[in-house]
Structure formats: C-alpha cells, structure tokens
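Each remark here refers to the structure printed beneath this line.
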Amino acid sequence: MPIADQQYQQWLSQPNQPRVVLAELEHSAGTEYVSSRPYISQPTDSAPNRIYDDLLQGELEISARLDSQLELGALDLVDDGSITHWVNRRWRGYTVVLKLGDPSWSLDDFRIIARQINSGILDARRGKIQLGIYDAAAQLQQEIQRPELPSGQPVPLILGRVFCAPATRISTSTLTYRVSWLPVTSLVVRDGNGPVISHTADYSSGQFVASSYSPRTLMCEVVEPHQTPLQIVHWVADQYSIPLASGLNLPGYTLGLRYDGAVTGAQVLDDVCTAIGGHWKINALGELTVSVFELPGAEPDLIIDADDIEFGQIALTETQEPLKTLTLNYARNHNLISEVAGSITATDAERLMSEWLAVSGSNSAADYPLAPDQSLDTALQTQAHALTERNRRLQIKSTRHDVYRITVLRPGLQDIVGQVVRMDHPRTAGRIGRVISSRSNPLRDKTELEIWY
C-alpha cells in the first residue's frame, strides 16, 4: 500500500534527505523514462522493473505566483551518445510528468509534482539535449471557435445575464434574428427605442423570429445558463478540455459577459476574476484553478521561525498604499441608447441611457496622501453583489500592506503558494501573512518566498 500523504509530507519537510526526480517524457512513438539519479521500480509496483536512466540534470526550478502561471525550467538531458537519435522524435505537445520521492521507495510511493506539456527540443549539441516545458496556460490563449453571422463576424458569445445585447438579422426572407452562440433560457426583445415587442424564441439556437419589422436594431435582455463564476469557469475548462481543480470556492455572484469579436478562454477568465477579485492559473498538475484573494485568517497554516531563514535573506520589497476610494461599475448596457420611449419604466430608461451603473466607497486614508483611487468595470450584474464586492475589497485595502521576500532553509514548500503563514522574526513581529510566490528546486533544501502582510 502506498505511503500516506501525511507520511510523505513529513519526509518532504526533512532536510538532507536523498531525493530523486523521475521524468516520464511522452513522444510520438511512446514514452521515455529518465531520472536525476539511477532508479528502477520494484517488481511489486504497478509498473514493475521500470528503468529510469539517470540522464536528467540541471536545477529543475519551479516558480509559482498566486496571480500568474507556473514556470518550470527546461529539462536538461545528458547525451552520452545513446539518446542522440531523440532529436528526430516529435516531442512538442506531448505530456511531461515529473515525480518526486526517495531512491529507496517503491515507484507507487512517488508523488507527481508537475504535469505539463513538452514544447520540444530547445537545444541539442554534443553531450546535451534540452527539452522545453510549454506554458500550459498558453492553450487558453487560443481563440474560441464560433460560427459566423452573414456579415462574416462571429456570433456573439454571451455568458450569464446580459442587458441590451444587439440582435442581428440572419435571414432576408424572414424576421429571424441571432443574439447568442450558446443556448439561452430567456429573452426579452425590445424595439430599438425601448418598448418590448413580441417574438417567437428558439432558445436552443440563441435566436428568435420577431412578430413585426422594425427599422431599428433590436435589443435583448438575455439569460444564458452559465450565470455564476464557477459555472463560467467550468464552461471554459470544458471548452479547452482542461481538468478543473477540485474544491473551488467562488462567490455566487450573478455575472454577465458578452463578446462580439474574437475572444479567448484566458480573456473570459480574466473578466471573471476582475469581477470577483480573484486570479486564475494552471497549477503544477495541469489543472485550472481559480481563487479569490482574501485577508489571511488568524490561524496560520505554517509557522516559520527566524532560524529557518537563511542569514541576511529577508527583505521588505514592496509597500502597498491603502485605497482612498473604490468604484465598481456593474450592469453594463451593451448598446447605449440616447432616446427612450415613454412606455417603459424610469428604471429601464436609466439603464438604457447609461452604459454602467456604479457603487462607490471610501476608506479613511488621511495618513496616506498618495493613497490611490480605483475604478473597475466588472461583469457583476446586480447592485447587491456590487456592494458586497466593493465592501470586501475596501476592507482588504483599508490599511497599508507590505511584501517581504525571504529564503527559507526548508524543503518541500512547492505547494505553499496561497497558504497563511506566521513568520517569527523581529522584522515582522509575528504578523500573519499570505504566501504570494515561491521559487524552489525539489532537490534542494531552500525555498524563496514572497509573503504579503
């Protein structure tokens, strides 16, 4: 039976332990197995008697930030002549799996520390072959493919609840209009100057047939099923066939996003995170994860003693001023209208004639004359959610925050980003902070951290 996670973490936290990194490198014709030191799996392993050639060298540095993507150094392989022919293999786009464990362990006791994509050969010369690691988040930069309207433009992508979305007529013989690429659950169709007009809806196709002709552009209030941050994140992950990390805890805000031009999954995730005050990334295991940035709690996940810090390797690197004012814009009108008929309510008239609604708030920042103002256009749709999010962010930005960079003489901190720590050092006086970045090598007993207080 494989060792328990607690036992593995205990082994990982002990300095001067013998460690070995195993790399499983898929390519067009199979898989190659290399390691940082000689290793053969045991006969009782699920993959018995597998030989890992000790061709892997270099630093294997892993860098992670709370607000950006994971970075892995290139894989340097020693070419003693036996792998020279590897340069002719197709590596790009295939999976790279890195595992960490003790040389005396069963292969089944090793833990995966990274699951990424091979970007192919970066360098090949006498005695060396270097393979790159592809930024797994780069696939989210690929445009989401959608069908085209008669004009040649892509059909608009709507997610959640959207107000005043233009509809495009797609038939010359009938009054058929297309408003959304994805299926919708409801439509309110208005004549261009405001009054509701009757229509026959085809929700599954995101289109409708108007009951009468209008020379004006028809505007729609659209409800699409993916209304919450978690639902939209799930949809993006499915579009790109990226596994989603378990245990995502996101606020239940109602969002609305509309794109009438080219759009990528990364852009959709950026807009979601702008609305909820969060960040997204592809983690070491190749999973999409999204989290909301919050103040650290009172109970730390980890305590760092002064003796754990390398001599002279603690420094205050950044001071963040509190916000003076914060304005969140919400409920965007996607097609501003200057003239509104008198048959609609005053509330609808206000929304039709303004691009955004807004909620503002301020902090007492008299001691900080350079305290900045901030305004955000968000995908939030309701005033209540905008107020909640505004108050949450003002609380975070009500005081000054400091960022310290330290080098810790402890191994096994690759997964520490986002954790709450207490550093018992005179410079920080036992304050509670959150780790926002780490840089480490699985084979070394040092980890560089940035801690936000």
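Starting from 1 in every chain, residues are counted up; chains themselves are A, B, ... following the order of the structure tokens, and ligands are numbered from 1 as listed.
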Check your understanding: A:Ala266: which residues within 7 Å, counting only C-alpha atoms, same-chain residues fewer than 2 positions away excluded, as a ChimeraX atom specification?
Key -> /A:140-141,264,268-270
Could you give me, as a tab-separated table, every stretch 58-169 of chain A residue with an atom at most 12 Å from stretch 49-53 of chain A, plus its closest atom pair and distance in Å to one decimal, counting only C-alpha atoms, rows ordered by chain then number?
residue	atom	partner	partner_atom	distance
A:Leu77	CA	A:Asp53	CA	10.1
A:Val78	CA	A:Asp53	CA	10.0
A:Asp79	CA	A:Asp53	CA	11.2
A:Asp80	CA	A:Asp53	CA	11.4
A:Ser82	CA	A:Asp53	CA	10.7
A:Ile83	CA	A:Asp53	CA	10.7
A:Lys99	CA	A:Tyr52	CA	11.6
A:Pro103	CA	A:Tyr52	CA	11.2
A:Ser106	CA	A:Asn49	CA	10.3
A:Leu107	CA	A:Arg50	CA	8.9
A:Asp108	CA	A:Arg50	CA	11.7
Practice item. Find, counting only C-alpha atoms, the residue in A:Leu175, A:Ala167, A:Ala136, A:Leu250 that gets nearest to A:Thr217. Key: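 Of all the options, A:Ala167 lies closest to A:Thr217.
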Exercise for review: Using atom CA of A:His226 and atom CA of A:Ala284 as the two end points, give the distance in Å to one decimal.
Suggested key: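 Straight-line distance from atom CA of A:His226 to atom CA of A:Ala284 works out to 27.2 Å.
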Exercise for review: Go through A:Arg146, A:Arg115, A:Arg19, A:Arg431 one by one, measure the shortest atom-to-atom distance of each to A:Ile133 using only C-alpha atoms, and give the residue with the smallest value.
Suggested key: A:Arg115
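The spacing separating atom CA of A:Asp424 from atom CA of A:Pro300 amounts to 11.7 Å.
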**Study point:** For atom CA of A:Thr174 and atom CA of A:Pro147, the interatomic separation in Å (one decimal)
**Key:**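 According to the coordinates, atom CA of A:Thr174 and atom CA of A:Pro147 are separated by 20.0 Å.
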Check your understanding: Neighbours of A:Ala366 within 12 Å (only C-alpha atoms; same-chain residues fewer than 2 positions away dropped), as a list in words?
Key -> Glu321, Pro322, Leu323, Lys324, Thr325, Ser362, Asn363, Ser364, Tyr368, Pro369, Leu370, Ala371, Pro372, Ser398 and Thr399 of chain A
Review point. Which residue out of A:Leu352, A:Leu326, A:Leu149, A:Val408 has the minimum interatomic distance to A:Gln374 when only C-alpha atoms are used?
Key: A:Leu326
Revision key, fill the gap. One residue among A:His85, A:Pro183, A:Glu294, A:Ile113 is nearest to A:Glu61 when using only C-alpha atoms, and that residue is A:Ile113
Practice item. Show which residues sit within 9 Å of A:Thr84, as a PyMOL selection string. Count only C-alpha atoms, and ignore same-chain residues fewer than 2 positions away. Key: chain A and resi 79-82+86-88+124+126-129
Review point. Residues of stretch 223-434 of chain A in helix (DSSP H, G or I) according to DSSP, as a count of residues only?
Key: 48
Exercise for review: Compile the contact shell of stretch 242-245 of chain A as a list in words: residues with an atom at most 10 Å away, counting only C-alpha atoms, same-chain residues fewer than 3 positions apart removed.
Suggested key: Ala136, Ala137, Gln139, Leu140, Val233, His234, Val236, Ala237, Asp238, Gln239, Leu248, Ile282, Asn283, Leu285, Gly286, Glu287, Leu288, Thr289 and Val290 of chain A
**Study point:** Picked from stretch 162-347 of chain A by DSSP as strand (DSSP E), as number ranges by chain
**Key:** A: 162-166, 168-169, 176-178, 186-190, 199-202, 207-210, 219-223, 256-259, 278-282, 288-292, 302-305, 309-320, 325-330
Review point. Looking at only C-alpha atoms, which of A:Pro166, A:Pro43, A:Gly93, A:Gly418 is the one that sits closest to A:Ala138?
Key: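 So, comparing all the options, the nearest one is A:Gly93.
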Check your understanding: With only C-alpha atoms as the basis for distance, which of A:Glu59, A:Glu448, A:Glu389, A:Asp307 is at the shortest distance from A:Tyr404?
Key ->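 Using only C-alpha atoms, the shortest distance to A:Tyr404 belongs to A:Glu448.
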I'd like the neighbourhood of A:Met353 as a PDB file with C-alpha atoms, in the first residue's frame, where a residue qualifies if any of its atoms comes within 7 Å (using only C-alpha atoms), though same-chain residues fewer than 2 positions away should be ignored.
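Result saved to out33.pdb:
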ATOM      1  CA  LEU A 336     -26.094  52.629 -25.371  1.00  0.00           C
ATOM      2  CA  ILE A 337     -29.392  54.260 -26.409  1.00  0.00           C
ATOM      3  CA  SER A 338     -29.899  58.027 -26.287  1.00  0.00           C
ATOM      4  CA  ALA A 349     -34.935  54.232 -19.039  1.00  0.00           C
ATOM      5  CA  GLU A 350     -31.961  54.990 -16.794  1.00  0.00           C
ATOM      6  CA  ARG A 351     -30.277  51.742 -17.733  1.00  0.00           C
ATOM      7  CA  GLU A 355     -23.530  52.486 -20.062  1.00  0.00           C
TER       8      GLU A 355
END
